[in-house]
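S.K.: Take a look at the following structure, please.
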Amino acid sequence: MKFKKWYFIVGAVIVLTICVIMFYGIPSYRASQILSKKDAMARIMKKYPGEITHIQLEDHRYFITLEKGSSTYKIKMDAYNGNITSLIQTKQIVKEDDHTPNWTEEQVRKKISSISTGDIESLTHSMINHQLIYTAIVMEEDQRRTIQIDSKTGEILVNKLDKETIPNKRLSEQEAIKIALKQVQGEVDDVDFDTIDSMPYYFVQIETADNYEAEIQIHAITGEVKSVTWDD
């Protein structure tokens with residue numbers, strides 16, 4: 001009976017020892033195998049060269065933020081074996097130097113003048129698809145032209161006429177009188193408006209100081225003097 005009792009006690013001690021080792025010893029052993037931050041960063045840099053801006057150990061995983069080129073990545077790594085369990089691209093970063101054009105506004109204006117004889121109505125620059133682009137609106141007679149130029153290379157990206165024609169603005173009667181008086185000095189007797197072959201004209205009658213009368217025909221859109229007719 002005594003031997004059986006001792007066998008029972010020894011067996012119980014062995015089982016208890018095994019339980020203690022399993023409960024305390026194994027976590028301690030695993031904890032000693034966790035990668036250091038330095039080793040974790042080295043593994044990341046070997047696979048994904050870039051700049052690590054953040055690293056944190058939590059629940060046996062490293063949470064890492066990596067900037068590579070113009071992108072930012074969120075990485076999760078197993079702290080024991082170094083395996084990557086998750087890699088997500090979160091955003092793209094536009095570097096500050098991307099906002100600095102190589103071509104100056106003066107150079108862009110010269111470029112526009114080389115491809116269009118119109119007047120530059122406006123010239124702006126803005127980011128389009130991560131490129132800094134100059135956009136110019138050019139007036140060509142009664143139409144608008146849109147020109148876009150890459151600020152880095154000077155390449156013409158867009159060069160097109162707007163489909164809609166700008167409606168011609170008719171001169172006012174007073175504007176027609178001013179034009180007529182530059183041709184013939186005197187007093188205005190009458191002003192008529194008429195169309196000839198679908199073209200609009202003003203007819204301004206002026207009496208001079210020496211009692212001569214003149215009729216000045218003026219294009220109502222362009223202001224061009226078409227004729228001066230004298231009447232005794």
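Letters for chains follow the order of the structure tokens (A, B, ...), residue numbers begin at 1 for each chain, and ligand numbers begin at 1 in the order shown.
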Applying 8 Å and only C-alpha atoms, which residues near region 215-217 of chain A remain after dropping the ones on its own chain fewer than 3 positions away? List them as an MDAnalysis selection string.

M.R.: chainID A and resid 180 201:206 225:230

S.K.: As a ChimeraX atom specification, list the residues of region 47-203 of chain A assigned to strand (DSSP E or B) by DSSP on the backbone atoms of this structure.

M.R.: /A:51-58,61-68,71-78,84-92,119-128,131-140,143-150,156-161,187-196,199-203

S.K.: Using only C-alpha atoms, determine which residues lie at most 8 Å from region 116-128 of chain A, disregarding the query and same-chain residues fewer than 6 positions distant; provide the list as a ChimeraX atom specification.

M.R.: /A:134-141
